[in-house]
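First the structure, in the form of structure tokens, and then the observations on it.
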Amino acid sequence: MSRLYLVRHGHAAASWDDDLDPGLDDVGRSQAQRLAEALPGALPIVVSPLRRARETALPLERHFGVSARVDGRVGEIATPDGIGLAGRGTWLRDLMGRRWSDLGNELQLWRQAVLDALAELAGDTVVVTHYIAINVAVGASTGDDRVVHLQPANASVTVIDS
């Protein structure tokens, strides 16, 4: 049995509708450091390519003595073309109240890519990712079709045994 430690990135320096790729703020950096000290060591790390996830993974890499592998499939859900930065928050809030089975093909493909990336992991692994991606994994493992059914806090760890 493999254990996945799904880590939501630390607190970002800007919100989802203010910056496409913010890094961590001081709170987020502190959260990431505490996280590194709390997780079991020497595990492989897979990380989203976005700054807030990469910066959350840095203390883990130093603490474990390993380099994280970047995988875009565990990145943030992509905003559809034409939404723009200002419309991202409204779009995301609407999406969070929906079910995957009611969404279009592009979002279904993104969801499946997240699941494929996680299914390919062999052995216990830390995955530093994002709110919706964690919901995808837990929803698939529990048969819950809602886009959001849990609210992982920044720098929280959701454990899935597979």
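Note on naming: chains are A, B, ... as they come in the structure tokens, residues start from 1 per chain, ligands start from 1 in the order shown.
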
(Q) Let's see if you can do this: from backbone DSSP, list all helix (DSSP H, G or I) residues in chain A, as a PyMOL selection string. (A) chain A and resi 26-38+51-64+72-74+84-96+100-102+105-119+131-142

Q. Hey, what does DSSP flag as strand (DSSP E or B) within region 77-161 of chain A? Can you give it to me as a list in words?
A. Arg99, Thr125, Val126, Val127, Val128, Thr129, Arg146, Val157, Thr158, Val159, Ile160 and Asp161 of chain A

Please dump the current selection as a CSV table (one decimal), in the first residue's frame; keep N, CA and C atoms.
chain,number,residue,atom,x,y,z
A,99,ARG,N,-20.6,20.1,-9.8
A,99,ARG,CA,-20.2,18.7,-9.8
A,99,ARG,C,-19.4,18.4,-11.1
A,125,THR,N,4.7,9.1,-1.1
A,125,THR,CA,5.1,10.3,-1.8
A,125,THR,C,4.5,11.5,-1.2
A,126,VAL,N,5.2,12.6,-1.1
A,126,VAL,CA,4.6,13.9,-0.8
A,126,VAL,C,4.3,14.6,-2.1
A,127,VAL,N,3.1,15.2,-2.2
A,127,VAL,CA,2.7,15.9,-3.4
A,127,VAL,C,2.3,17.3,-2.9
A,128,VAL,N,3.0,18.3,-3.3
A,128,VAL,CA,2.7,19.7,-3.0
A,128,VAL,C,1.9,20.3,-4.1
A,129,THR,N,0.6,20.6,-3.8
A,129,THR,CA,-0.4,20.9,-4.8
A,129,THR,C,-1.3,22.0,-4.4
A,146,ARG,N,-18.7,16.0,-6.2
A,146,ARG,CA,-18.7,17.5,-6.1
A,146,ARG,C,-17.2,18.0,-6.3
A,157,VAL,N,-2.0,18.8,5.4
A,157,VAL,CA,-1.7,17.5,4.8
A,157,VAL,C,-2.9,16.6,4.8
A,158,THR,N,-3.3,16.2,3.6
A,158,THR,CA,-4.4,15.2,3.4
A,158,THR,C,-3.7,13.9,3.0
A,159,VAL,N,-4.0,12.8,3.8
A,159,VAL,CA,-3.3,11.5,3.6
A,159,VAL,C,-4.3,10.6,2.9
A,160,ILE,N,-3.8,10.0,1.8
A,160,ILE,CA,-4.6,9.0,1.1
A,160,ILE,C,-3.8,7.7,1.0
A,161,ASP,N,-4.4,6.6,1.4
A,161,ASP,CA,-3.7,5.3,1.3
A,161,ASP,C,-4.3,4.7,0.0

Find the residues near Ala153 (chain A): any atom within 10 Å, counting only C-alpha atoms, skip ones fewer than 2 places away on the same chain, and give them as a short mmCIF file (atom, residue, chain, number, x, y, z; two decimals) with C-alpha atoms, in the first residue's frame.
data_model
loop_
_atom_site.label_atom_id
_atom_site.label_comp_id
_atom_site.auth_asym_id
_atom_site.auth_seq_id
_atom_site.Cartn_x
_atom_site.Cartn_y
_atom_site.Cartn_z
CA VAL A 7 0.10 19.07 0.85
CA ARG A 8 -1.71 22.27 0.05
CA HIS A 9 0.79 25.07 -0.55
CA GLY A 10 1.43 27.61 2.18
CA HIS A 11 -0.34 30.97 2.41
CA TYR A 131 -6.97 23.17 -3.15
CA LEU A 150 -13.45 19.43 1.83
CA GLN A 151 -11.58 22.61 2.63
CA ALA A 155 0.08 23.93 4.44
CA SER A 156 -2.31 21.17 5.54
CA VAL A 157 -1.65 17.50 4.79
CA THR A 158 -4.37 15.19 3.45
#

Q.
Here is a test: counting only C-alpha atoms, which residue of A:Asp19, A:Glu76, A:Asp26, A:Asp116 is nearest to Pro49 (chain A)?
A.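 That would be A:Glu76, the residue with the smallest distance to Pro49 (chain A).
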
Q. Which residue out of A:Asp17, A:Ala12, A:Leu35, A:Ala133 has the minimum interatomic distance to Gly75 (chain A) when only C-alpha atoms are used?
A. A:Ala133

Q.
Excluding Ala113 (chain A) and its own-chain neighbours fewer than 5 positions away, which residues fall within 9 Å of it when counting only C-alpha atoms? Please give them as a list in words.
A.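 Final neighbour list, sorted by chain and number: Arg73, Val74, Gln108 and Leu118 of chain A.
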
Could those residues be written to a file, using C-alpha atoms, as a PDB file, in the first residue's frame?
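Now in out-v7.pdb:
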ATOM      1  CA  ARG A  73      -0.501  17.786 -13.887  1.00  0.00           C
ATOM      2  CA  VAL A  74      -0.721  18.491 -10.131  1.00  0.00           C
ATOM      3  CA  GLN A 108     -12.807  16.776 -17.163  1.00  0.00           C
ATOM      4  CA  LEU A 118      -1.242  10.484  -8.668  1.00  0.00           C
TER       5      LEU A 118
END

Q: Determine, counting only C-alpha atoms, which protein, DNA and RNA residues have an atom within 9 Å of an atom of Ala32 (chain A); residues of the same chain fewer than 4 positions away are not included. Present the result as a list in words.
A: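 Listed by chain and then number, they are His9, Gly10, His11, Val27, Gly28, Ala36, Glu37, Glu55, Thr56, Ala57, Leu58, Pro59, Leu60 and Ala155 of chain A.
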
Q | Pairwise distance for CA of Arg34 (chain A) and CA of Arg69 (chain A), rounded to one decimal in Å | A | 21.0 Å

(Q) as a PyMOL selection string, please: the residues near Gly87 (chain A) (cut-off 10 Å, only C-alpha atoms, same-chain neighbours under 6 positions excluded). (A) chain A and resi 16-18+79

Can you write just those residues out, N, CA and C atoms, as a compact mmCIF listing (two decimals), in the first residue's frame?
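Saved as again17.txt:
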# COMPACT_ATOMS: atom_id res chain seq x y z
N TRP A 16 -6.14 34.54 -5.65
CA TRP A 16 -6.27 33.91 -6.95
C TRP A 16 -6.67 34.88 -8.04
N ASP A 17 -7.39 35.94 -7.67
CA ASP A 17 -7.81 36.90 -8.69
C ASP A 17 -6.98 38.18 -8.68
N ASP A 18 -5.85 38.16 -7.95
CA ASP A 18 -4.93 39.30 -7.94
C ASP A 18 -3.61 39.03 -8.65
N THR A 79 -7.74 28.40 -15.69
CA THR A 79 -8.86 29.29 -15.95
C THR A 79 -9.15 29.28 -17.45

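Here CA of Gly143 (chain A) and CA of Ala119 (chain A) stand 15.8 Å from one another.
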
Q: Work out how far CA of Val148 (chain A) is from CA of Ser30 (chain A), in Å to one decimal.
A: 26.5 Å

Q: For Leu115 (chain A), list every protein, DNA or RNA residue within 12 Å, evaluated using only C-alpha atoms, and leave out those in the same chain fewer than 4 positions away; present the list as a ChimeraX atom specification.
A: /A:73-75,108-111,119-121,132-141

Q. Nearest to Arg98 (chain A): which of A:Asp71, A:Pro152, A:Tyr5, A:Asp145 is it, counting only C-alpha atoms?
A. A:Asp145
